[in-house]
Amino acid sequence: MTTKVIDNKQTKKILEKFEGKKGSLIPILQAVQEKYGYLPEDILRQVSTKTGIPTSQIFGVTTFYAQFRLQPRGKHTVRVCHGTACHVSGAEQLSEAIEFELGIKDKETTEDRLFTLESVACLGCCSLAPVMVVGEHTYGRCSPDKAAKILRKVRKEEGKE
Ligand code: FES
């Protein structure tokens, strides 16, 4: 994976700030993610070169902690609840329909960077199961058809039909 958004000056600044400080890998990764919205692979390699921390260790940390993202996020995050109530109410079929509609799998982002799909645990509104959340909007009793319509509407509103 390569990225075209790398600003080496910014990365250098981040690395200088933490230079020589023990236990600074996580704060460095947090700062990089804050800057780019995710952790570009090229930047992680620079972090490895500058800090002497092996890339395997850096990638290990990025995959262990849920807060880190190795892929860019879409403008809209689509969350599908897979808690117990939603699971028994058809969350699996809902996710399948959304994956089909967006052409991506869980945790992926569409090529146009409009949507990122995430399966999540209980969202706390079980009486509305199954639940899909797009950005700030919660859609309860969301059938596969309803989800597809909602996503098409968002796409249309974004001028990306
Ligand atoms: S199980 Fe889905 S909102 Fe609680």
# chains A, B, ... in the order shown; residues from 1 in each chain; ligands from 1
call {"tool": "residues_around", "arguments": {"residues": "region 60-68 of chain A", "least_positions_apart": "6", "cutoff": "9 Å", "atoms": "only C-alpha atoms", "output": "PyMOL selection string"}}
result
chain A and resi 25-26+29-30+33+38-39
call {"tool": "select_by_dssp", "arguments": {"residues": "region 75-159 of chain A", "states": "alpha helix (DSSP H)", "output": "count of residues only"}}
result
31
call {"tool": "atom_distance", "arguments": {"atom1": "CA of Glu41 (chain A)", "atom2": "CA of Lys9 (chain A)"}}
result
16.5 Å
call {"tool": "residues_near_ligand", "arguments": {"ligand": "ligand 1", "cutoff": "12 Å", "atoms": "only C-alpha atoms and all ligand atoms", "output": "JSON, numbers by chain"}}
result
{"A": [79, 80, 81, 82, 83, 84, 85, 86, 87, 88, 89, 90, 91, 92, 94, 119, 120, 121, 122, 123, 124, 125, 126, 127, 128, 129, 130, 131, 132, 133, 138, 139, 140, 141, 142]}
call {"tool": "write_last_selection", "arguments": {"atoms": "N, CA and C atoms", "output": "compact mmCIF listing (two decimals), in the first residue's frame"}}
result
# COMPACT_ATOMS: atom_id res chain seq x y z
N ARG A 79 -22.18 1.48 10.42
CA ARG A 79 -22.02 0.48 11.48
C ARG A 79 -23.22 -0.45 11.48
N VAL A 80 -22.93 -1.73 11.53
CA VAL A 80 -24.02 -2.70 11.63
C VAL A 80 -23.85 -3.42 12.96
N CYS A 81 -24.90 -3.37 13.76
CA CYS A 81 -24.83 -4.00 15.08
C CYS A 81 -24.94 -5.52 14.95
N HIS A 82 -24.01 -6.19 15.63
CA HIS A 82 -24.06 -7.64 15.67
C HIS A 82 -24.18 -8.14 17.11
N GLY A 83 -24.79 -7.31 17.95
CA GLY A 83 -25.10 -7.75 19.31
C GLY A 83 -26.18 -8.83 19.25
N THR A 84 -26.49 -9.41 20.40
CA THR A 84 -27.39 -10.57 20.41
C THR A 84 -28.76 -10.27 19.80
N ALA A 85 -29.39 -9.18 20.24
CA ALA A 85 -30.74 -8.86 19.74
C ALA A 85 -30.71 -8.64 18.23
N CYS A 86 -29.70 -7.93 17.76
CA CYS A 86 -29.61 -7.68 16.31
C CYS A 86 -29.27 -8.96 15.56
N HIS A 87 -28.42 -9.77 16.18
CA HIS A 87 -28.03 -11.02 15.54
C HIS A 87 -29.26 -11.90 15.27
N VAL A 88 -30.11 -12.04 16.30
CA VAL A 88 -31.29 -12.90 16.13
C VAL A 88 -32.35 -12.23 15.24
N SER A 89 -32.20 -10.94 15.01
CA SER A 89 -33.18 -10.24 14.16
C SER A 89 -32.69 -10.05 12.72
N GLY A 90 -31.58 -10.68 12.38
CA GLY A 90 -31.16 -10.65 10.97
C GLY A 90 -29.96 -9.77 10.63
N ALA A 91 -29.10 -9.51 11.62
CA ALA A 91 -27.92 -8.67 11.36
C ALA A 91 -27.03 -9.25 10.27
N GLU A 92 -26.97 -10.57 10.23
CA GLU A 92 -26.10 -11.23 9.23
C GLU A 92 -26.56 -10.90 7.81
N LEU A 94 -28.43 -8.44 6.98
CA LEU A 94 -28.29 -6.99 6.80
C LEU A 94 -26.86 -6.67 6.34
N SER A 119 -18.64 -3.80 11.53
CA SER A 119 -19.54 -4.56 12.40
C SER A 119 -19.21 -4.17 13.83
N VAL A 120 -20.23 -3.91 14.61
CA VAL A 120 -19.97 -3.48 15.98
C VAL A 120 -20.82 -4.29 16.97
N ALA A 121 -20.44 -4.17 18.24
CA ALA A 121 -21.21 -4.84 19.29
C ALA A 121 -22.42 -3.95 19.62
N CYS A 122 -23.23 -4.42 20.55
CA CYS A 122 -24.50 -3.75 20.88
C CYS A 122 -24.39 -2.22 20.95
N LEU A 123 -25.29 -1.56 20.24
CA LEU A 123 -25.29 -0.10 20.19
C LEU A 123 -26.21 0.50 21.24
N GLY A 124 -26.84 -0.36 22.01
CA GLY A 124 -27.67 0.14 23.12
C GLY A 124 -29.09 0.50 22.75
N CYS A 125 -29.51 0.10 21.57
CA CYS A 125 -30.92 0.37 21.20
C CYS A 125 -31.54 -0.93 20.67
N CYS A 126 -31.43 -1.97 21.48
CA CYS A 126 -31.81 -3.33 21.08
C CYS A 126 -33.28 -3.45 20.65
N SER A 127 -34.15 -2.59 21.22
CA SER A 127 -35.56 -2.70 20.85
C SER A 127 -35.77 -2.35 19.38
N LEU A 128 -34.77 -1.73 18.76
CA LEU A 128 -34.89 -1.35 17.35
C LEU A 128 -34.24 -2.37 16.41
N ALA A 129 -33.79 -3.47 16.97
CA ALA A 129 -33.03 -4.47 16.19
C ALA A 129 -33.78 -4.93 14.93
N PRO A 130 -33.04 -5.15 13.85
CA PRO A 130 -31.60 -4.94 13.68
C PRO A 130 -31.29 -3.48 13.35
N VAL A 131 -30.10 -3.06 13.74
CA VAL A 131 -29.77 -1.64 13.66
C VAL A 131 -28.57 -1.37 12.74
N MET A 132 -28.74 -0.33 11.93
CA MET A 132 -27.62 0.17 11.12
C MET A 132 -27.46 1.65 11.47
N VAL A 133 -26.23 2.09 11.61
CA VAL A 133 -25.97 3.50 11.87
C VAL A 133 -25.10 4.04 10.75
N THR A 138 -29.28 6.78 13.12
CA THR A 138 -29.57 5.40 13.49
C THR A 138 -30.81 4.93 12.75
N TYR A 139 -30.70 3.78 12.12
CA TYR A 139 -31.85 3.21 11.40
C TYR A 139 -32.22 1.88 12.05
N GLY A 140 -33.38 1.89 12.72
CA GLY A 140 -33.84 0.69 13.40
C GLY A 140 -34.73 -0.15 12.52
N ARG A 141 -34.90 -1.41 12.95
CA ARG A 141 -35.69 -2.39 12.19
C ARG A 141 -35.30 -2.29 10.71
N CYS A 142 -34.02 -2.33 10.52
CA CYS A 142 -33.47 -2.06 9.20
C CYS A 142 -33.38 -3.35 8.37
call {"tool": "atom_distance", "arguments": {"atom1": "CA of Lys107 (chain A)", "atom2": "CA of Gln10 (chain A)"}}
result
27.0 Å
call {"tool": "residues_around", "arguments": {"residues": "Ala31 (chain A)", "least_positions_apart": "6", "cutoff": "12 Å", "atoms": "only C-alpha atoms", "output": "list in words"}}
result
Gln10, Thr11, Lys12, Lys13, Ile14, Leu15, Glu16, Lys17, Phe18, Ser24, Leu25, Gly37, Tyr38, Leu39, Ile43, Leu44, Val47 and Phe68 of chain A
call {"tool": "write_last_selection", "arguments": {"atoms": "C-alpha atoms", "output": "PDB file, in the first residue's frame"}}
result
ATOM      1  CA  GLN A  10       4.880  16.538   9.448  1.00  0.00           C
ATOM      2  CA  THR A  11       6.149  13.026  10.056  1.00  0.00           C
ATOM      3  CA  LYS A  12       9.587  14.386  10.897  1.00  0.00           C
ATOM      4  CA  LYS A  13       8.049  16.803  13.375  1.00  0.00           C
ATOM      5  CA  ILE A  14       6.110  14.011  15.065  1.00  0.00           C
ATOM      6  CA  LEU A  15       9.205  11.839  15.311  1.00  0.00           C
ATOM      7  CA  GLU A  16      11.354  14.690  16.640  1.00  0.00           C
ATOM      8  CA  LYS A  17       8.828  15.384  19.360  1.00  0.00           C
ATOM      9  CA  PHE A  18       9.185  11.864  20.723  1.00  0.00           C
ATOM     10  CA  SER A  24       6.772   6.472  22.712  1.00  0.00           C
ATOM     11  CA  LEU A  25       5.540   4.142  19.983  1.00  0.00           C
ATOM     12  CA  GLY A  37      -6.768   9.830   9.662  1.00  0.00           C
ATOM     13  CA  TYR A  38      -5.134   6.400   9.511  1.00  0.00           C
ATOM     14  CA  LEU A  39      -1.677   4.855   9.575  1.00  0.00           C
ATOM     15  CA  ILE A  43       4.836   6.355   7.320  1.00  0.00           C
ATOM     16  CA  LEU A  44       5.043   3.299   9.548  1.00  0.00           C
ATOM     17  CA  VAL A  47       8.736   5.410  12.002  1.00  0.00           C
ATOM     18  CA  PHE A  68      -5.519   2.122  15.115  1.00  0.00           C
TER      19      PHE A  68
END
